[in-house]
Each structure stands twice: as structure tokens, then as C-alpha cells.
>>> print(open('my_file_39.cif').read())   # mmCIF, N, CA and C atoms
data_target
loop_
_atom_site.label_atom_id
_atom_site.label_comp_id
_atom_site.auth_asym_id
_atom_site.auth_seq_id
_atom_site.Cartn_x
_atom_site.Cartn_y
_atom_site.Cartn_z
N MET U 696 111.27 130.79 15.89
CA MET U 696 111.26 131.62 17.09
C MET U 696 110.27 132.76 16.90
N PRO U 697 109.35 132.94 17.85
CA PRO U 697 108.36 134.01 17.71
C PRO U 697 109.01 135.40 17.78
N SER U 698 108.38 136.35 17.11
CA SER U 698 108.89 137.72 17.15
C SER U 698 108.57 138.34 18.51
N PRO U 699 109.32 139.38 18.88
CA PRO U 699 109.07 140.03 20.18
C PRO U 699 107.71 140.73 20.21
N ILE U 700 107.27 141.00 21.39
CA ILE U 700 106.03 141.77 21.56
C ILE U 700 106.41 143.24 21.62
N TYR U 701 105.84 144.03 20.74
CA TYR U 701 106.09 145.46 20.76
C TYR U 701 105.33 146.10 21.90
N VAL U 702 105.94 147.08 22.53
CA VAL U 702 105.28 147.89 23.54
C VAL U 702 104.92 149.21 22.87
N LYS U 703 103.65 149.59 22.97
CA LYS U 703 103.18 150.83 22.37
C LYS U 703 102.57 151.72 23.45
N VAL U 704 102.62 153.02 23.19
CA VAL U 704 102.02 153.99 24.10
C VAL U 704 101.09 154.89 23.29
N ARG U 705 99.98 155.28 23.90
CA ARG U 705 98.99 156.14 23.25
C ARG U 705 98.53 157.20 24.24
N ALA U 706 98.11 158.34 23.69
CA ALA U 706 97.68 159.47 24.51
C ALA U 706 96.19 159.72 24.35
N ILE U 707 95.49 159.91 25.46
CA ILE U 707 94.12 160.39 25.45
C ILE U 707 94.19 161.87 25.79
N ILE U 708 93.89 162.71 24.80
CA ILE U 708 93.94 164.16 24.99
C ILE U 708 92.54 164.69 24.72
N ILE U 709 91.89 165.18 25.78
CA ILE U 709 90.52 165.68 25.67
C ILE U 709 90.49 167.13 26.13
N GLU U 710 89.91 167.98 25.31
CA GLU U 710 89.70 169.39 25.66
C GLU U 710 88.35 169.82 25.12
N ARG U 711 87.60 170.54 25.92
CA ARG U 711 86.32 171.12 25.51
C ARG U 711 85.41 170.12 24.80
N GLY U 712 85.34 168.92 25.33
CA GLY U 712 84.43 167.91 24.80
C GLY U 712 84.87 167.23 23.52
N SER U 713 86.13 167.43 23.13
CA SER U 713 86.66 166.78 21.92
C SER U 713 87.96 166.06 22.24
N MET U 714 88.25 165.03 21.44
CA MET U 714 89.46 164.25 21.61
C MET U 714 90.37 164.46 20.41
N LEU U 715 91.66 164.63 20.67
CA LEU U 715 92.63 164.80 19.60
C LEU U 715 93.04 163.43 19.07
N LEU U 716 92.88 163.24 17.76
CA LEU U 716 93.24 161.98 17.12
C LEU U 716 94.19 162.24 15.96
N SER U 717 95.06 161.27 15.71
CA SER U 717 95.93 161.31 14.54
C SER U 717 95.15 160.72 13.37
N GLU U 718 95.21 161.40 12.21
CA GLU U 718 94.43 161.02 11.03
C GLU U 718 95.34 160.36 10.00
N TYR U 719 94.92 159.22 9.48
CA TYR U 719 95.70 158.44 8.52
C TYR U 719 94.87 158.11 7.29
N ASP U 720 95.56 157.97 6.15
CA ASP U 720 94.94 157.50 4.93
C ASP U 720 95.94 156.55 4.29
N ASP U 721 95.63 155.25 4.35
CA ASP U 721 96.53 154.23 3.81
C ASP U 721 95.72 153.15 3.14
N GLU U 722 96.30 151.96 2.99
CA GLU U 722 95.61 150.86 2.30
C GLU U 722 94.30 150.46 2.96
N THR U 723 94.13 150.80 4.24
CA THR U 723 92.86 150.49 4.92
C THR U 723 91.86 151.63 4.81
N GLY U 724 92.24 152.72 4.17
CA GLY U 724 91.36 153.87 4.01
C GLY U 724 91.60 154.91 5.09
N LEU U 725 90.71 155.90 5.12
CA LEU U 725 90.81 156.98 6.11
C LEU U 725 90.42 156.44 7.48
N HIS U 726 91.29 156.65 8.47
CA HIS U 726 90.99 156.21 9.83
C HIS U 726 91.80 157.06 10.81
N TYR U 727 91.51 156.85 12.09
CA TYR U 727 92.13 157.62 13.17
C TYR U 727 92.73 156.69 14.20
N ASN U 728 93.75 157.18 14.89
CA ASN U 728 94.36 156.49 16.03
C ASN U 728 94.55 157.51 17.13
N LEU U 729 94.62 157.03 18.35
CA LEU U 729 95.09 157.90 19.43
C LEU U 729 96.55 158.23 19.12
N PRO U 730 96.99 159.45 19.36
CA PRO U 730 98.40 159.78 19.10
C PRO U 730 99.32 158.89 19.93
N GLY U 731 100.40 158.45 19.32
CA GLY U 731 101.36 157.59 20.01
C GLY U 731 102.01 156.64 19.05
N GLY U 732 102.70 155.65 19.60
CA GLY U 732 103.39 154.69 18.75
C GLY U 732 104.22 153.73 19.57
N THR U 733 105.22 153.15 18.91
CA THR U 733 106.04 152.09 19.49
C THR U 733 107.18 152.68 20.32
N VAL U 734 107.41 152.08 21.46
CA VAL U 734 108.53 152.44 22.33
C VAL U 734 109.80 151.86 21.72
N GLU U 735 110.82 152.70 21.56
CA GLU U 735 112.08 152.25 21.00
C GLU U 735 112.93 151.57 22.07
N ALA U 736 113.85 150.73 21.63
CA ALA U 736 114.74 150.02 22.55
C ALA U 736 115.48 151.02 23.44
N GLY U 737 115.47 150.78 24.74
CA GLY U 737 116.16 151.64 25.68
C GLY U 737 115.42 152.92 26.05
N GLU U 738 114.21 153.09 25.55
CA GLU U 738 113.44 154.32 25.79
C GLU U 738 112.41 154.08 26.90
N ALA U 739 112.26 155.04 27.80
CA ALA U 739 111.26 154.97 28.86
C ALA U 739 109.88 155.22 28.26
N LEU U 740 108.85 154.65 28.86
CA LEU U 740 107.48 154.78 28.35
C LEU U 740 107.06 156.24 28.20
N HIS U 741 107.25 157.03 29.25
CA HIS U 741 106.83 158.44 29.19
C HIS U 741 107.62 159.21 28.14
N ASP U 742 108.91 158.93 28.03
CA ASP U 742 109.73 159.60 27.00
C ASP U 742 109.21 159.26 25.61
N ALA U 743 108.87 158.00 25.40
CA ALA U 743 108.34 157.57 24.09
C ALA U 743 107.03 158.27 23.78
N LEU U 744 106.16 158.39 24.76
CA LEU U 744 104.87 159.02 24.51
C LEU U 744 105.02 160.51 24.22
N VAL U 745 105.86 161.18 24.98
CA VAL U 745 106.11 162.61 24.72
C VAL U 745 106.66 162.78 23.30
N ARG U 746 107.62 161.94 22.92
CA ARG U 746 108.22 162.01 21.59
C ARG U 746 107.18 161.75 20.50
N GLU U 747 106.42 160.68 20.65
CA GLU U 747 105.44 160.31 19.63
C GLU U 747 104.36 161.38 19.46
N VAL U 748 103.85 161.91 20.56
CA VAL U 748 102.81 162.94 20.47
C VAL U 748 103.38 164.19 19.80
N ARG U 749 104.59 164.58 20.17
CA ARG U 749 105.21 165.75 19.54
C ARG U 749 105.39 165.52 18.04
N GLU U 750 105.86 164.33 17.64
CA GLU U 750 106.06 164.03 16.23
C GLU U 750 104.74 164.07 15.46
N GLU U 751 103.69 163.49 16.02
CA GLU U 751 102.42 163.37 15.30
C GLU U 751 101.56 164.62 15.34
N THR U 752 101.71 165.43 16.38
CA THR U 752 100.79 166.56 16.55
C THR U 752 101.48 167.91 16.66
N GLY U 753 102.78 167.93 16.96
CA GLY U 753 103.48 169.18 17.22
C GLY U 753 103.24 169.70 18.62
N LEU U 754 102.63 168.90 19.48
CA LEU U 754 102.30 169.32 20.85
C LEU U 754 103.20 168.63 21.87
N ARG U 755 103.51 169.36 22.92
CA ARG U 755 104.20 168.79 24.07
C ARG U 755 103.14 168.54 25.13
N VAL U 756 103.18 167.35 25.74
CA VAL U 756 102.15 166.98 26.70
C VAL U 756 102.74 166.62 28.06
N ARG U 757 101.89 166.75 29.06
CA ARG U 757 102.18 166.25 30.41
C ARG U 757 101.38 164.95 30.53
N ILE U 758 102.07 163.92 30.95
CA ILE U 758 101.44 162.60 31.03
C ILE U 758 100.83 162.40 32.40
N GLY U 759 99.59 161.96 32.39
CA GLY U 759 98.85 161.69 33.61
C GLY U 759 98.71 160.20 33.87
N LYS U 760 97.55 159.84 34.32
CA LYS U 760 97.26 158.48 34.77
C LYS U 760 97.18 157.48 33.62
N LEU U 761 97.69 156.28 33.89
CA LEU U 761 97.51 155.16 32.96
C LEU U 761 96.03 154.79 32.99
N ARG U 762 95.36 154.88 31.83
CA ARG U 762 93.91 154.64 31.77
C ARG U 762 93.55 153.24 31.30
N TYR U 763 94.21 152.78 30.23
CA TYR U 763 93.84 151.49 29.63
C TYR U 763 95.09 150.75 29.19
N VAL U 764 94.99 149.42 29.23
CA VAL U 764 96.01 148.54 28.68
C VAL U 764 95.28 147.50 27.85
N TRP U 765 95.79 147.25 26.64
CA TRP U 765 95.23 146.16 25.85
C TRP U 765 96.34 145.43 25.12
N GLU U 766 96.06 144.18 24.77
CA GLU U 766 97.04 143.39 24.05
C GLU U 766 96.47 142.98 22.70
N TYR U 767 97.38 142.81 21.75
CA TYR U 767 97.00 142.33 20.43
C TYR U 767 97.81 141.06 20.16
N VAL U 768 97.10 139.95 19.97
CA VAL U 768 97.70 138.66 19.65
C VAL U 768 97.25 138.33 18.22
N PRO U 769 98.14 138.50 17.24
CA PRO U 769 97.73 138.36 15.84
C PRO U 769 97.01 137.05 15.51
N GLN U 770 97.49 135.94 16.02
CA GLN U 770 96.90 134.65 15.71
C GLN U 770 95.47 134.54 16.22
N GLN U 771 95.15 135.26 17.27
CA GLN U 771 93.81 135.19 17.84
C GLN U 771 92.86 136.19 17.21
N ARG U 772 93.37 137.04 16.31
CA ARG U 772 92.53 138.03 15.60
C ARG U 772 92.64 137.88 14.09
N ASP U 773 93.09 136.70 13.64
CA ASP U 773 93.27 136.44 12.21
C ASP U 773 94.14 137.51 11.55
N PHE U 774 95.13 137.99 12.29
CA PHE U 774 96.12 138.95 11.78
C PHE U 774 95.46 140.25 11.29
N PHE U 775 94.33 140.60 11.91
CA PHE U 775 93.55 141.77 11.49
C PHE U 775 94.37 143.05 11.46
N TYR U 776 95.23 143.26 12.47
CA TYR U 776 96.08 144.44 12.54
C TYR U 776 97.53 144.12 12.20
N GLY U 777 97.77 143.07 11.45
CA GLY U 777 99.12 142.69 11.07
C GLY U 777 99.66 141.54 11.89
N ALA U 778 100.93 141.21 11.66
CA ALA U 778 101.54 140.02 12.25
C ALA U 778 102.32 140.30 13.53
N GLN U 779 102.40 141.56 13.95
CA GLN U 779 103.21 141.91 15.12
C GLN U 779 102.38 141.94 16.40
N ALA U 780 102.73 141.11 17.37
CA ALA U 780 102.06 141.13 18.68
C ALA U 780 102.46 142.41 19.42
N SER U 781 101.53 142.93 20.22
CA SER U 781 101.84 144.16 20.96
C SER U 781 101.01 144.26 22.22
N VAL U 782 101.50 145.09 23.12
CA VAL U 782 100.75 145.52 24.28
C VAL U 782 100.77 147.05 24.24
N THR U 783 99.59 147.65 24.44
CA THR U 783 99.46 149.10 24.34
C THR U 783 99.04 149.67 25.68
N LEU U 784 99.77 150.69 26.12
CA LEU U 784 99.46 151.41 27.35
C LEU U 784 98.96 152.79 26.96
N CYS U 785 97.79 153.14 27.45
CA CYS U 785 97.14 154.38 27.05
C CYS U 785 97.02 155.31 28.26
N PHE U 786 97.62 156.50 28.14
CA PHE U 786 97.69 157.44 29.25
C PHE U 786 96.84 158.68 28.99
N ALA U 787 96.22 159.21 30.03
CA ALA U 787 95.59 160.52 29.94
C ALA U 787 96.71 161.55 29.84
N CYS U 788 96.54 162.54 28.97
CA CYS U 788 97.57 163.57 28.78
C CYS U 788 96.91 164.94 28.67
N GLU U 789 97.69 165.96 29.00
CA GLU U 789 97.23 167.33 28.80
C GLU U 789 98.27 168.11 28.03
N ILE U 790 97.81 169.00 27.19
CA ILE U 790 98.70 169.81 26.37
C ILE U 790 99.34 170.89 27.24
N ILE U 791 100.66 171.03 27.11
CA ILE U 791 101.34 172.11 27.84
C ILE U 791 102.01 173.11 26.89
N GLU U 792 102.20 172.72 25.61
CA GLU U 792 102.83 173.64 24.67
C GLU U 792 102.62 173.15 23.24
N ASP U 793 102.40 174.10 22.34
CA ASP U 793 102.38 173.81 20.90
C ASP U 793 103.77 174.13 20.38
N THR U 794 104.51 173.09 19.94
CA THR U 794 105.89 173.27 19.51
C THR U 794 106.00 173.61 18.02
N GLY U 795 104.89 173.65 17.33
CA GLY U 795 104.93 173.98 15.90
C GLY U 795 104.50 172.82 15.03
N THR U 796 105.10 172.74 13.88
CA THR U 796 104.72 171.76 12.87
C THR U 796 105.13 170.35 13.26
N PRO U 797 104.20 169.39 13.14
CA PRO U 797 104.54 168.00 13.43
C PRO U 797 105.40 167.39 12.33
N SER U 798 106.00 166.24 12.63
CA SER U 798 106.76 165.44 11.65
C SER U 798 105.91 164.21 11.36
N LEU U 799 105.04 164.29 10.37
CA LEU U 799 104.06 163.25 10.13
C LEU U 799 104.69 161.96 9.59
N ASP U 800 104.11 160.83 10.02
CA ASP U 800 104.47 159.54 9.44
C ASP U 800 104.03 159.53 7.98
N PRO U 801 104.58 158.63 7.15
CA PRO U 801 104.25 158.64 5.73
C PRO U 801 102.74 158.57 5.42
N ASN U 802 101.98 157.82 6.17
CA ASN U 802 100.54 157.69 5.89
C ASN U 802 99.68 158.63 6.73
N GLN U 803 100.30 159.40 7.62
CA GLN U 803 99.53 160.32 8.45
C GLN U 803 99.29 161.60 7.67
N ILE U 804 98.05 162.08 7.70
CA ILE U 804 97.72 163.31 6.97
C ILE U 804 97.47 164.48 7.91
N GLY U 805 97.49 164.23 9.21
CA GLY U 805 97.31 165.32 10.17
C GLY U 805 96.73 164.84 11.47
N SER U 806 96.22 165.80 12.22
CA SER U 806 95.55 165.53 13.49
C SER U 806 94.22 166.25 13.45
N ARG U 807 93.26 165.74 14.19
CA ARG U 807 91.93 166.34 14.16
C ARG U 807 91.27 166.20 15.52
N TRP U 808 90.59 167.27 15.94
CA TRP U 808 89.77 167.22 17.16
C TRP U 808 88.41 166.65 16.76
N ILE U 809 88.02 165.56 17.40
CA ILE U 809 86.74 164.91 17.14
C ILE U 809 85.88 165.04 18.39
N PRO U 810 84.67 165.59 18.26
CA PRO U 810 83.79 165.66 19.44
C PRO U 810 83.55 164.25 20.02
N LEU U 811 83.56 164.14 21.33
CA LEU U 811 83.34 162.84 21.97
C LEU U 811 82.03 162.21 21.50
N SER U 812 81.03 163.04 21.24
CA SER U 812 79.74 162.51 20.79
C SER U 812 79.83 161.89 19.40
N ASP U 813 80.86 162.24 18.62
CA ASP U 813 81.04 161.69 17.26
C ASP U 813 81.92 160.45 17.23
N LEU U 814 82.56 160.10 18.34
CA LEU U 814 83.47 158.95 18.34
C LEU U 814 82.81 157.65 17.88
N PRO U 815 81.57 157.35 18.28
CA PRO U 815 80.98 156.07 17.83
C PRO U 815 80.87 155.95 16.31
N GLU U 816 80.81 157.06 15.60
CA GLU U 816 80.70 157.03 14.13
C GLU U 816 82.06 157.24 13.46
N THR U 817 83.12 157.35 14.25
CA THR U 817 84.46 157.62 13.73
C THR U 817 85.20 156.31 13.50
N THR U 818 85.96 156.21 12.43
CA THR U 818 86.77 155.03 12.16
C THR U 818 88.06 155.13 12.97
N LEU U 819 87.94 154.81 14.24
CA LEU U 819 89.06 154.82 15.18
C LEU U 819 89.54 153.40 15.36
N LEU U 820 90.85 153.20 15.23
CA LEU U 820 91.41 151.86 15.40
C LEU U 820 92.17 151.76 16.71
N PRO U 821 91.93 150.73 17.48
CA PRO U 821 90.92 149.71 17.28
C PRO U 821 89.55 150.23 17.76
N PRO U 822 88.49 149.87 17.05
CA PRO U 822 87.16 150.38 17.41
C PRO U 822 86.66 149.88 18.77
N GLU U 823 87.23 148.80 19.26
CA GLU U 823 86.80 148.25 20.54
C GLU U 823 87.01 149.19 21.72
N ILE U 824 87.87 150.19 21.58
CA ILE U 824 88.12 151.11 22.70
C ILE U 824 87.14 152.26 22.76
N ILE U 825 86.39 152.49 21.69
CA ILE U 825 85.49 153.65 21.63
C ILE U 825 84.53 153.72 22.81
N PRO U 826 83.84 152.65 23.18
CA PRO U 826 82.91 152.76 24.32
C PRO U 826 83.59 153.21 25.61
N TYR U 827 84.84 152.80 25.81
CA TYR U 827 85.57 153.20 27.02
C TYR U 827 85.95 154.68 26.96
N LEU U 828 86.35 155.15 25.78
CA LEU U 828 86.74 156.54 25.63
C LEU U 828 85.55 157.48 25.80
N VAL U 829 84.41 157.10 25.25
CA VAL U 829 83.20 157.93 25.35
C VAL U 829 82.71 158.00 26.78
N ALA U 830 82.81 156.89 27.52
CA ALA U 830 82.30 156.84 28.89
C ALA U 830 83.34 157.22 29.93
N ASP U 831 84.54 157.57 29.50
CA ASP U 831 85.62 157.85 30.45
C ASP U 831 85.25 159.02 31.35
N GLU U 832 85.21 158.76 32.64
CA GLU U 832 84.85 159.78 33.62
C GLU U 832 86.06 160.33 34.34
N GLY U 833 87.24 159.85 34.00
CA GLY U 833 88.47 160.42 34.54
C GLY U 833 88.90 159.91 35.89
N ASP U 834 87.99 159.37 36.70
CA ASP U 834 88.39 158.93 38.03
C ASP U 834 88.33 157.41 38.17
N GLN U 835 88.07 156.72 37.09
CA GLN U 835 88.01 155.26 37.15
C GLN U 835 89.40 154.66 37.25
N PRO U 836 89.52 153.45 37.77
CA PRO U 836 90.84 152.81 37.85
C PRO U 836 91.31 152.41 36.45
N THR U 837 92.61 152.11 36.34
CA THR U 837 93.15 151.62 35.08
C THR U 837 92.43 150.33 34.71
N ARG U 838 92.10 150.20 33.42
CA ARG U 838 91.38 149.01 32.95
C ARG U 838 92.26 148.22 32.00
N PHE U 839 92.24 146.88 32.19
CA PHE U 839 92.84 145.99 31.22
C PHE U 839 91.72 145.58 30.29
N LEU U 840 91.82 145.97 29.03
CA LEU U 840 90.75 145.71 28.07
C LEU U 840 90.89 144.35 27.42
N GLY U 841 91.96 143.63 27.71
CA GLY U 841 92.13 142.31 27.15
C GLY U 841 92.63 142.35 25.73
N GLN U 842 92.24 141.36 24.98
CA GLN U 842 92.72 141.23 23.61
C GLN U 842 91.89 142.07 22.66
N ILE U 843 92.59 142.88 21.89
CA ILE U 843 91.94 143.69 20.86
C ILE U 843 92.64 143.39 19.55
#
>>> encode(input="my_file_39.cif", output="C-alpha cells")
Amino acid sequence: MPSPIYVKVRAIIIERGSMLLSEYDDETGLHYNLPGGTVEAGEALHDALVREVREETGLRVRIGKLRYVWEYVPQQRDFFYGAQASVTLCFACEIIEDTGTPSLDPNQIGSRWIPLSDLPETTLLPPEIIPYLVADEGDQPTRFLGQI
């Protein structure tokens, strides 16, 4: 029996020409992700995103428009990101409050503001989203990015 598909949520937080990213150092080396994570059973999407961003960054956010959706099918990517299938919903967010110290995941070492102009040279996972993030004009419709 196949395993369930995880639903994940991610935040695009841009201020003054920079994007806030969660910074990790694990077996794959130093890399960045959009803040967010897996939606827990019985949890609403927006509640999960608010919780995940607060845990990873110490910030409380207001969730805006759904910007991107992508799916990960492990068998079609040679298990590049692991064996768990997922669909990720990525929302534009704005900071409304700094709640203090984050509760970092074991491999997370912090958060960092990366200038949008530096994103193409940044090890952001998955790298396939970088062109969309750099070109994001804010008024485009939600995009389905397909399989990543």
C-alpha cells in the first residue's frame, strides 16, 4: 500500500528586496528552504503555516495569496528529496509581529534574509522554484509548477 501524500505549506516573505529563508545544515550540506513545513492531521492550512513560520523564524505572519503549488513524486525524481510524496502550497506572507526566539528544527541553524538578486546563486531547495521567486511581480495568478 502506498504511503499518503504529505501536504506542505511554505511562506514567501519579501521585504526591502530580500527574501526570508530558513537555513539548514545537514547531510546534504548548507542549504535554504522557504519557511514552512508539513500540515499536521486535523490542522487547517493557514494554521499550519502560521505555526511553522513562528517555529522556524519567531515571526507571526499574515497569510496572503496562494502563489505556487508543486508536487513531488519520489519515483519520478529518483527519490532525490526522499521517499515521501508531497504537494506543497506556497503563500505570500507579511510579517505582523516578532514573537521572539524561534524553536529550530534539529538541522535548522537559523533564518537569513537573502537579497532577491542573490537567489540564483543560493542553494535553495528545490532550486526549480528560484526563477519564479526572482520574477514574482505579486499580481500574477497562482501557478502550478508541476513536478519538482
>>> closest_residue(input="my_file_39.cif", among="U:Val745, U:Leu715, U:Ala706, U:Ile700", to="U:Cys785", atoms="only N, CA and C atoms")
U:Ala706
>>> residues_around(input="my_file_39.cif", residues="U:Pro836", least_positions_apart="5", cutoff="7 Å", atoms="all atoms listed in the file", output="tab-separated table (two decimals) with N, CA and C atoms, in the coordinates of the input")
chain	number	residue	atom	x	y	z
U	761	LEU	N	97.69	156.28	33.89
U	761	LEU	CA	97.51	155.16	32.96
U	761	LEU	C	96.03	154.79	32.99
U	762	ARG	N	95.36	154.88	31.83
U	762	ARG	CA	93.91	154.64	31.77
U	762	ARG	C	93.55	153.24	31.30
U	763	TYR	N	94.21	152.78	30.23
U	763	TYR	CA	93.84	151.49	29.63
U	763	TYR	C	95.09	150.75	29.19
>>> resolve_selection(input="my_file_39.cif", expression="the PyMOL selection byres (((chain U and resi 829 and name CA) around 8) and name CA)", output="list of chain:residue names")
U:Leu811, U:Ser812, U:Leu814, U:Ile825, U:Pro826, U:Tyr827, U:Leu828, U:Ala830, U:Asp831
>>> residues_around(input="my_file_39.cif", residues="U:Glu735", least_positions_apart="6", cutoff="8 Å", atoms="only N, CA and C atoms", output="JSON list (two decimals) with N, CA and C atoms, keeping the file's coordinate frame")
[["chain", "number", "residue", "atom", "x", "y", "z"],
["U", 702, "VAL", "N", 105.94, 147.08, 22.53],
["U", 702, "VAL", "CA", 105.28, 147.89, 23.54],
["U", 702, "VAL", "C", 104.92, 149.21, 22.87],
["U", 703, "LYS", "N", 103.65, 149.59, 22.97],
["U", 703, "LYS", "CA", 103.18, 150.83, 22.37],
["U", 703, "LYS", "C", 102.57, 151.72, 23.45],
["U", 742, "ASP", "N", 108.91, 158.93, 28.03],
["U", 742, "ASP", "CA", 109.73, 159.60, 27.00],
["U", 742, "ASP", "C", 109.21, 159.26, 25.61],
["U", 743, "ALA", "N", 108.87, 158.00, 25.40],
["U", 743, "ALA", "CA", 108.34, 157.57, 24.09],
["U", 743, "ALA", "C", 107.03, 158.27, 23.78]]
>>> atom_distance(input="my_file_39.cif", atom1="atom CA of U:Arg711", atom2="atom CA of U:Trp808")
9.8 Å
>>> axis_aligned_box(input="my_file_39.cif", around="stretch 723-733 of chain U", padding_each_side="5 Å", output="JSON")
{"center_x": 98.8, "center_y": 155.1, "center_z": 12.2, "size_x": 26.8, "size_y": 19.3, "size_z": 26.3}
>>> closest_residue(input="my_file_39.cif", among="U:Thr733, U:Ser806, U:Thr783, U:Thr794", to="U:Glu718", atoms="all atoms listed in the file")
U:Ser806
>>> resolve_selection(input="my_file_39.cif", expression="the PyMOL selection byres ((chain U and resi 799) around 8)", output="CSV table (one decimal) with N, CA and C atoms, in the frame of the given file")
chain,number,residue,atom,x,y,z
U,749,ARG,N,104.6,164.6,20.2
U,749,ARG,CA,105.2,165.8,19.5
U,749,ARG,C,105.4,165.5,18.0
U,750,GLU,N,105.9,164.3,17.6
U,750,GLU,CA,106.1,164.0,16.2
U,750,GLU,C,104.7,164.1,15.5
U,751,GLU,N,103.7,163.5,16.0
U,751,GLU,CA,102.4,163.4,15.3
U,751,GLU,C,101.6,164.6,15.3
U,752,THR,N,101.7,165.4,16.4
U,752,THR,CA,100.8,166.6,16.6
U,752,THR,C,101.5,167.9,16.7
U,753,GLY,N,102.8,167.9,17.0
U,753,GLY,CA,103.5,169.2,17.2
U,753,GLY,C,103.2,169.7,18.6
U,796,THR,N,105.1,172.7,13.9
U,796,THR,CA,104.7,171.8,12.9
U,796,THR,C,105.1,170.4,13.3
U,797,PRO,N,104.2,169.4,13.1
U,797,PRO,CA,104.5,168.0,13.4
U,797,PRO,C,105.4,167.4,12.3
U,798,SER,N,106.0,166.2,12.6
U,798,SER,CA,106.8,165.4,11.6
U,798,SER,C,105.9,164.2,11.4
U,800,ASP,N,104.1,160.8,10.0
U,800,ASP,CA,104.5,159.5,9.4
U,800,ASP,C,104.0,159.5,8.0
U,801,PRO,N,104.6,158.6,7.2
U,801,PRO,CA,104.2,158.6,5.7
U,801,PRO,C,102.7,158.6,5.4
U,802,ASN,N,102.0,157.8,6.2
U,802,ASN,CA,100.5,157.7,5.9
U,802,ASN,C,99.7,158.6,6.7
U,803,GLN,N,100.3,159.4,7.6
U,803,GLN,CA,99.5,160.3,8.4
U,803,GLN,C,99.3,161.6,7.7
U,804,ILE,N,98.0,162.1,7.7
U,804,ILE,CA,97.7,163.3,7.0
U,804,ILE,C,97.5,164.5,7.9
U,805,GLY,N,97.5,164.2,9.2
U,805,GLY,CA,97.3,165.3,10.2
U,805,GLY,C,96.7,164.8,11.5
>>> closest_residue(input="my_file_39.cif", among="U:Leu784, U:Ala778, U:Ala736, U:Leu729", to="U:Val748", atoms="only N, CA and C atoms")
U:Leu729
>>> resolve_selection(input="my_file_39.cif", expression="the PyMOL selection byres (((chain U and resi 723 and name CA) around 12) and name CA)", output="PDB file with N, CA and C atoms, in the coordinates of the input")
ATOM      1  N   TYR U 719      94.920 159.220   9.480  1.00  0.00           N
ATOM      2  CA  TYR U 719      95.700 158.440   8.520  1.00  0.00           C
ATOM      3  C   TYR U 719      94.870 158.110   7.290  1.00  0.00           C
ATOM      4  N   ASP U 720      95.560 157.970   6.150  1.00  0.00           N
ATOM      5  CA  ASP U 720      94.940 157.500   4.930  1.00  0.00           C
ATOM      6  C   ASP U 720      95.940 156.550   4.290  1.00  0.00           C
ATOM      7  N   ASP U 721      95.630 155.250   4.350  1.00  0.00           N
ATOM      8  CA  ASP U 721      96.530 154.230   3.810  1.00  0.00           C
ATOM      9  C   ASP U 721      95.720 153.150   3.140  1.00  0.00           C
ATOM     10  N   GLU U 722      96.300 151.960   2.990  1.00  0.00           N
ATOM     11  CA  GLU U 722      95.610 150.860   2.300  1.00  0.00           C
ATOM     12  C   GLU U 722      94.300 150.460   2.960  1.00  0.00           C
ATOM     13  N   GLY U 724      92.240 152.720   4.170  1.00  0.00           N
ATOM     14  CA  GLY U 724      91.360 153.870   4.010  1.00  0.00           C
ATOM     15  C   GLY U 724      91.600 154.910   5.090  1.00  0.00           C
ATOM     16  N   LEU U 725      90.710 155.900   5.120  1.00  0.00           N
ATOM     17  CA  LEU U 725      90.810 156.980   6.110  1.00  0.00           C
ATOM     18  C   LEU U 725      90.420 156.440   7.480  1.00  0.00           C
ATOM     19  N   HIS U 726      91.290 156.650   8.470  1.00  0.00           N
ATOM     20  CA  HIS U 726      90.990 156.210   9.830  1.00  0.00           C
ATOM     21  C   HIS U 726      91.800 157.060  10.810  1.00  0.00           C
ATOM     22  N   TYR U 727      91.510 156.850  12.090  1.00  0.00           N
ATOM     23  CA  TYR U 727      92.130 157.620  13.170  1.00  0.00           C
ATOM     24  C   TYR U 727      92.730 156.690  14.200  1.00  0.00           C
ATOM     25  N   PHE U 775      94.330 140.600  11.910  1.00  0.00           N
ATOM     26  CA  PHE U 775      93.550 141.770  11.490  1.00  0.00           C
ATOM     27  C   PHE U 775      94.370 143.050  11.460  1.00  0.00           C
ATOM     28  N   TYR U 776      95.230 143.260  12.470  1.00  0.00           N
ATOM     29  CA  TYR U 776      96.080 144.440  12.540  1.00  0.00           C
ATOM     30  C   TYR U 776      97.530 144.120  12.200  1.00  0.00           C
ATOM     31  N   GLY U 777      97.770 143.070  11.450  1.00  0.00           N
ATOM     32  CA  GLY U 777      99.120 142.690  11.070  1.00  0.00           C
ATOM     33  C   GLY U 777      99.660 141.540  11.890  1.00  0.00           C
ATOM     34  N   ASN U 802     101.980 157.820   6.170  1.00  0.00           N
ATOM     35  CA  ASN U 802     100.540 157.690   5.890  1.00  0.00           C
ATOM     36  C   ASN U 802      99.680 158.630   6.730  1.00  0.00           C
ATOM     37  N   THR U 818      85.960 156.210  12.430  1.00  0.00           N
ATOM     38  CA  THR U 818      86.770 155.030  12.160  1.00  0.00           C
ATOM     39  C   THR U 818      88.060 155.130  12.970  1.00  0.00           C
ATOM     40  N   LEU U 819      87.940 154.810  14.240  1.00  0.00           N
ATOM     41  CA  LEU U 819      89.060 154.820  15.180  1.00  0.00           C
ATOM     42  C   LEU U 819      89.540 153.400  15.360  1.00  0.00           C
ATOM     43  N   LEU U 820      90.850 153.200  15.230  1.00  0.00           N
ATOM     44  CA  LEU U 820      91.410 151.860  15.400  1.00  0.00           C
ATOM     45  C   LEU U 820      92.170 151.760  16.710  1.00  0.00           C
TER      46      LEU U 820
END
>>> closest_residue(input="my_file_39.cif", among="U:Val768, U:Leu840, U:Leu716, U:Val782", to="U:Asn728", atoms="only N, CA and C atoms")
U:Leu716
>>> atom_distance(input="my_file_39.cif", atom1="atom N of U:Gly732", atom2="atom C of U:Arg838")
17.8 Å
>>> residues_around(input="my_file_39.cif", residues="U:Leu744", least_positions_apart="6", cutoff="6.5 Å", atoms="all atoms listed in the file", output="PyMOL selection string")
chain U and resi 704-705+731-732
>>> atom_distance(input="my_file_39.cif", atom1="atom N of U:Ala787", atom2="atom C of U:Pro699")
23.9 Å
>>> closest_residue(input="my_file_39.cif", among="U:Gln779, U:Trp765, U:Arg807, U:Gly795", to="U:Pro821", atoms="only C-alpha atoms")
U:Trp765
